[in-house]
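Worksheet: the structure to be examined is printed underneath.
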Amino acid sequence: MSKILVIEDSPTNMKLVRLLLACKGYQVLEADNALDGIALARGERPDLILIDIQLPGMDGLTATGVLRQDPATRHIRIAALTALAMKGDEERILAAGCDAYIAKPIHSASFLERVGQLLADAPPQQAPPG
Ligand code: MN
């Protein structure tokens with residue numbers, strides 16, 4: 001079953017996302033900040049990362065850049081979870097290296113459909129050299 005890492009500092013949003021993903025049988029890994037999330041991504045090699053943009057300390061777009069620089073994590077699908085909806089935000093999010101954008105508030109059915117699509121699109125896991 002697919003492994004999904006959720007990096008989100010809001011306990012309310014984390015609870016909802018955890019519930020939805022667990023109901024579908026996905027294995028859920030959780031971090032409430034970017035640095036812990038990056039460490040989990042490196043150690044666990046999830047199939048998909050859902051990352052909040054507004055995080056305390058390092059923000060989600062900076063963290064995405066770090067994940068994209070690292071050969072161990074650069075292939076992992078990343079979707080931004082964000083309430084940002086201003087013009088240009090989607091372009092900014094994609095330019096930072098995210099594969100997709102999921103708007104908050106989260107709607108259960110469309111959220112799970114999007115997650116399913118992202119997992120279906122995900123390239124096969126490749127072991128990094130060395
Ligand atoms: Mn946040």
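Order determines the names: the first chain of the structure tokens is A, the second B, and so forth; residues in each chain are numbered 1 upward, and ligands are numbered 1 upward as they are shown.
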Interface rows for chain A against ligand 1: nearest pair, Å to one decimal, 6 Å, only C-alpha atoms and all ligand atoms, as JSON lines:
```
{"residue": "A:Glu8", "atom": "CA", "partner": "ligand 1", "partner_atom_place_in_ligand_line": "1 (Mn)", "distance": 5.9}
{"residue": "A:Asp9", "atom": "CA", "partner": "ligand 1", "partner_atom_place_in_ligand_line": "1 (Mn)", "distance": 5.0}
{"residue": "A:Ser10", "atom": "CA", "partner": "ligand 1", "partner_atom_place_in_ligand_line": "1 (Mn)", "distance": 5.6}
{"residue": "A:Asp52", "atom": "CA", "partner": "ligand 1", "partner_atom_place_in_ligand_line": "1 (Mn)", "distance": 5.6}
{"residue": "A:Gln54", "atom": "CA", "partner": "ligand 1", "partner_atom_place_in_ligand_line": "1 (Mn)", "distance": 4.1}
{"residue": "A:Leu55", "atom": "CA", "partner": "ligand 1", "partner_atom_place_in_ligand_line": "1 (Mn)", "distance": 4.6}
```
> Which residues come within 7 Å of range 61-77 of chain A, counting only C-alpha atoms, excluding same-chain residues fewer than 5 positions away, as a PyMOL selection string?
Replying inline: chain A and resi 34+38+41-42+45+47-49+53+93+96-99+122+128
> For the atom pair CA of Asn13 in chain A and CA of Lys104 in chain A, what is the interatomic distance in Å to one decimal place?
Replying inline: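 According to the coordinates, CA of Asn13 in chain A and CA of Lys104 in chain A are separated by 9.0 Å.
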>> With distances taken over only C-alpha atoms, which residue among A:Pro11, A:Pro105, A:Gly116, A:Gly37 lies nearest Met58 in chain A?
In response: A:Gly37
>> Need the shell around Val17 in chain A: protein/DNA/RNA residues with any atom at most 12 Å away, counting only C-alpha atoms. Skip same-chain ones fewer than 3 positions apart. Format as JSON, numbers by chain?
In response: {"A": [4, 5, 6, 7, 8, 9, 10, 11, 12, 13, 14, 20, 21, 22, 23, 24, 26, 27, 28, 29, 30, 50, 51, 52, 81, 102, 104, 105, 106, 107, 108, 109, 111, 112, 115]}
> Per DSSP on the backbone, what are the helix (DSSP H, G or I) residues of chain A, as a PyMOL selection string?
Replying inline: chain A and resi 11-23+34-44+60-69+89-95+108-121
> Mind checking DSSP for range 2-116 of chain A and telling me the strand (DSSP E) residues as a VMD selection string?
Replying inline: chain A and resid 3 to 7 27 to 31 48 to 52 77 to 82 100 to 103
> Which one is closest to Arg18 in chain A: A:Leu119, A:Met1, A:Ala31, A:Ala103? Count only C-alpha atoms.
Replying inline: A:Ala31
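The coordinates place CA of Ala120 in chain A at 13.1 Å from CA of Ile78 in chain A.
For the pair CA of Lys87 in chain A and CA of Tyr101 in chain A, the interatomic distance is 13.4 Å.
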